[in-house]
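A short worksheet on the structure shown next.
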Amino acid sequence: MNNVTSYAYDKSYGWGDAWQDRLFRAKLIIVFVLFLTQLLLLPSFFAFIEKRDGVVLNDWLLQYIPARDFSVAIFILIWSVFLLAIVRSVQEPAIFLPLLACTVALLMLRITTIYLFALDPPEGLIVLKDPLTSLTYGGRGLFITKDLFFSGHTSNLFMVYLLLPKKRDKWFVLACSIAVGVLVLIQHVHYSMDVAGAFIITFFLVKGVRKFFVV
């Protein structure tokens with residue numbers, strides 16, 4: 001059997017074939033456990049960062065952008081991409097493992113950078129209301145505003161763009177990534193460095209993770 005963790009695998013392989021590969025199975029179990037552990041720890045971490053004092057940056061770009069609420073549009077774009085990623089992962093198991101591994105690595109890196117760079121949200125912030133994502137914060141109606149550097153909304157979508165193999169999917173997700181990056185700036189949810197950093201950091205992170213999970 002070819003290595004199903006490779007992007008050069010036989011597309012006829014399904015989850016049954018993938019699960020028979022012991023290396024694939026071991027990596028998947030380890031990454032999934034790490035992901036669940038992160039989800040359990042996130043509410044406490046977000047509660048901590050939300051209570052601490054941070055620095056308000058002087059972002060020259062945001063000074064020229066009147067704040068407007070695009071929560072609904074951002075919600076639709078993000079969850080359209082996530083649903084596409086889920087569908088493609090079900091269809092092709094070799095996509096799912098790198099996708100989950102990069103999600104874990106990206107979240108771990110964001111936790112680190114958010115902890116190191118204590119920031120308060122930009123002036124004029126309009127809280128981004130995403131009822132599904134807010135569940136990971138510890139409950140309904142709780143919206144975090146200090147998870148700033150770097151933008152998780154932008155980085156997660158750009159990560160999916162880098163990992164999906166089909167050109168049509170990639171163009172759609174790239175457009176959504178750029179749109180969300182622009183909209184969170186207009187809504188003053190993030191500083192411009194948060195969005196720019198998301199694209200740069202995610203590119204190198206995905207490149208590094210794929211070396212381990214893709215042959």
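To be explicit about the labels: the chains of the structure tokens are called A, B, and onward in the order shown, and within each one the residues are counted from 1, while ligands get numbers from 1 in the order they are shown.
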Output as CSV one row per residue of range 31-130 of chain A within 7 Å of range 171-188 of chain A: the closest atom pair and its distance in Å to one decimal place, counting only C-alpha atoms, sorted by chain and residue number ascending.
residue,atom,partner,partner_atom,distance
A:Ile65,CA,A:Ile186,CA,6.1
A:Pro66,CA,A:Ile186,CA,6.8
A:Ala67,CA,A:Gln187,CA,4.9
A:Arg68,CA,A:Gln187,CA,5.0
A:Asp69,CA,A:Gln187,CA,5.5
A:Phe70,CA,A:Leu183,CA,6.5
A:Ile74,CA,A:Val180,CA,5.9
A:Leu77,CA,A:Cys176,CA,5.9
A:Val81,CA,A:Val173,CA,6.2
A:Pro122,CA,A:His188,CA,6.0
A:Gly124,CA,A:His188,CA,6.3
A:Leu125,CA,A:His188,CA,4.7
A:Ile126,CA,A:Gln187,CA,5.7
Item to check | Per-residue DSSP, range 31-191 of chain A, filtered to helix (DSSP H, G or I), as number ranges by chain | outcome: A: 31-51, 62-64, 71-91, 93-116, 133-137, 152-163, 167-186
Next on the checklist: Set the distance at 10 Å and use only C-alpha atoms: which residues neighbour range 156-158 of chain A once local chain neighbours fewer than 2 positions away are removed? I'd like the list as an MDAnalysis selection string.
Outcome noted: chainID A and resid 77:79 81:82 85 99 102:103 106:107 151:154 160:163 170 173:178 180:181 198:200 202:203 206
N, CA and C atoms of the current selection, written as a compact mmCIF listing (two decimals), in the first residue's frame:
# COMPACT_ATOMS: atom_id res chain seq x y z
N LEU A 77 -18.49 33.33 5.68
CA LEU A 77 -17.25 32.98 4.96
C LEU A 77 -16.46 31.91 5.70
N ILE A 78 -16.29 32.09 7.02
CA ILE A 78 -15.49 31.14 7.80
C ILE A 78 -16.11 29.76 7.80
N TRP A 79 -17.40 29.68 8.04
CA TRP A 79 -18.02 28.37 8.15
C TRP A 79 -18.28 27.72 6.79
N VAL A 81 -15.95 27.81 4.48
CA VAL A 81 -14.63 27.18 4.28
C VAL A 81 -14.50 25.94 5.16
N PHE A 82 -14.91 26.03 6.41
CA PHE A 82 -14.80 24.89 7.32
C PHE A 82 -15.64 23.72 6.83
N ALA A 85 -13.85 22.11 3.99
CA ALA A 85 -12.72 21.32 4.49
C ALA A 85 -13.20 20.00 5.07
N LEU A 99 -4.42 18.52 7.85
CA LEU A 99 -5.30 19.60 8.24
C LEU A 99 -5.45 19.67 9.75
N CYS A 102 -2.00 20.66 11.36
CA CYS A 102 -1.72 22.10 11.22
C CYS A 102 -2.62 22.92 12.13
N THR A 103 -3.85 22.46 12.32
CA THR A 103 -4.76 23.15 13.24
C THR A 103 -4.20 23.14 14.66
N LEU A 106 -1.02 25.35 14.73
CA LEU A 106 -1.39 26.76 14.61
C LEU A 106 -1.98 27.28 15.91
N LEU A 107 -2.83 26.49 16.52
CA LEU A 107 -3.44 26.91 17.79
C LEU A 107 -2.39 27.00 18.90
N SER A 151 -4.06 36.83 13.90
CA SER A 151 -5.47 36.59 13.65
C SER A 151 -5.78 35.12 13.39
N GLY A 152 -6.58 34.53 14.26
CA GLY A 152 -6.99 33.15 14.07
C GLY A 152 -7.98 33.00 12.93
N HIS A 153 -8.85 33.99 12.75
CA HIS A 153 -9.83 33.92 11.66
C HIS A 153 -9.12 33.85 10.31
N THR A 154 -8.13 34.69 10.13
CA THR A 154 -7.40 34.73 8.86
C THR A 154 -6.49 33.52 8.70
N VAL A 160 -6.27 26.31 5.41
CA VAL A 160 -7.08 25.43 4.57
C VAL A 160 -6.72 25.63 3.11
N TYR A 161 -6.52 26.87 2.71
CA TYR A 161 -6.11 27.16 1.32
C TYR A 161 -4.81 26.44 0.98
N LEU A 162 -3.85 26.47 1.86
CA LEU A 162 -2.55 25.86 1.58
C LEU A 162 -2.63 24.34 1.51
N LEU A 163 -3.61 23.74 2.17
CA LEU A 163 -3.66 22.28 2.28
C LEU A 163 -4.59 21.61 1.28
N LYS A 170 -9.08 25.82 -3.84
CA LYS A 170 -8.04 26.74 -3.35
C LYS A 170 -8.39 28.20 -3.66
N VAL A 173 -11.17 29.36 -1.31
CA VAL A 173 -10.72 29.56 0.07
C VAL A 173 -9.77 30.74 0.18
N LEU A 174 -8.92 30.93 -0.82
CA LEU A 174 -8.02 32.08 -0.80
C LEU A 174 -8.82 33.39 -0.81
N ALA A 175 -9.85 33.43 -1.65
CA ALA A 175 -10.70 34.62 -1.71
C ALA A 175 -11.36 34.87 -0.36
N CYS A 176 -11.83 33.80 0.28
CA CYS A 176 -12.45 33.93 1.60
C CYS A 176 -11.44 34.39 2.65
N SER A 177 -10.20 33.89 2.55
CA SER A 177 -9.15 34.27 3.49
C SER A 177 -8.87 35.77 3.41
N ILE A 178 -8.71 36.25 2.19
CA ILE A 178 -8.42 37.68 1.99
C ILE A 178 -9.61 38.53 2.44
N VAL A 180 -11.95 37.82 4.68
CA VAL A 180 -12.05 37.83 6.13
C VAL A 180 -10.97 38.71 6.74
N GLY A 181 -9.76 38.65 6.19
CA GLY A 181 -8.68 39.51 6.68
C GLY A 181 -9.04 40.98 6.57
N ALA A 198 -0.66 36.81 10.20
CA ALA A 198 -1.37 35.55 10.04
C ALA A 198 -0.99 34.86 8.74
N PHE A 199 -0.93 35.62 7.65
CA PHE A 199 -0.57 35.04 6.35
C PHE A 199 0.87 34.54 6.35
N ILE A 200 1.79 35.35 6.86
CA ILE A 200 3.21 34.99 6.84
C ILE A 200 3.51 33.80 7.74
N THR A 202 1.44 31.55 9.02
CA THR A 202 0.75 30.32 8.61
C THR A 202 1.44 29.65 7.43
N PHE A 203 1.94 30.45 6.51
CA PHE A 203 2.64 29.88 5.35
C PHE A 203 3.82 29.01 5.79
N VAL A 206 2.65 25.80 7.99
CA VAL A 206 2.11 24.71 7.18
C VAL A 206 3.22 24.01 6.41
Next on the checklist: What does the structure give for the distance between CA of Asp194 in chain A and CA of Leu57 in chain A, in Å to one decimal?
Outcome noted: 11.3 Å
Item to check | Among listed residues A:Tyr64, A:Phe75, A:Phe212, A:Phe46, nearest Leu148 in chain A (using only C-alpha atoms) | outcome: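 The answer is A:Phe46, which sits nearest to Leu148 in chain A.
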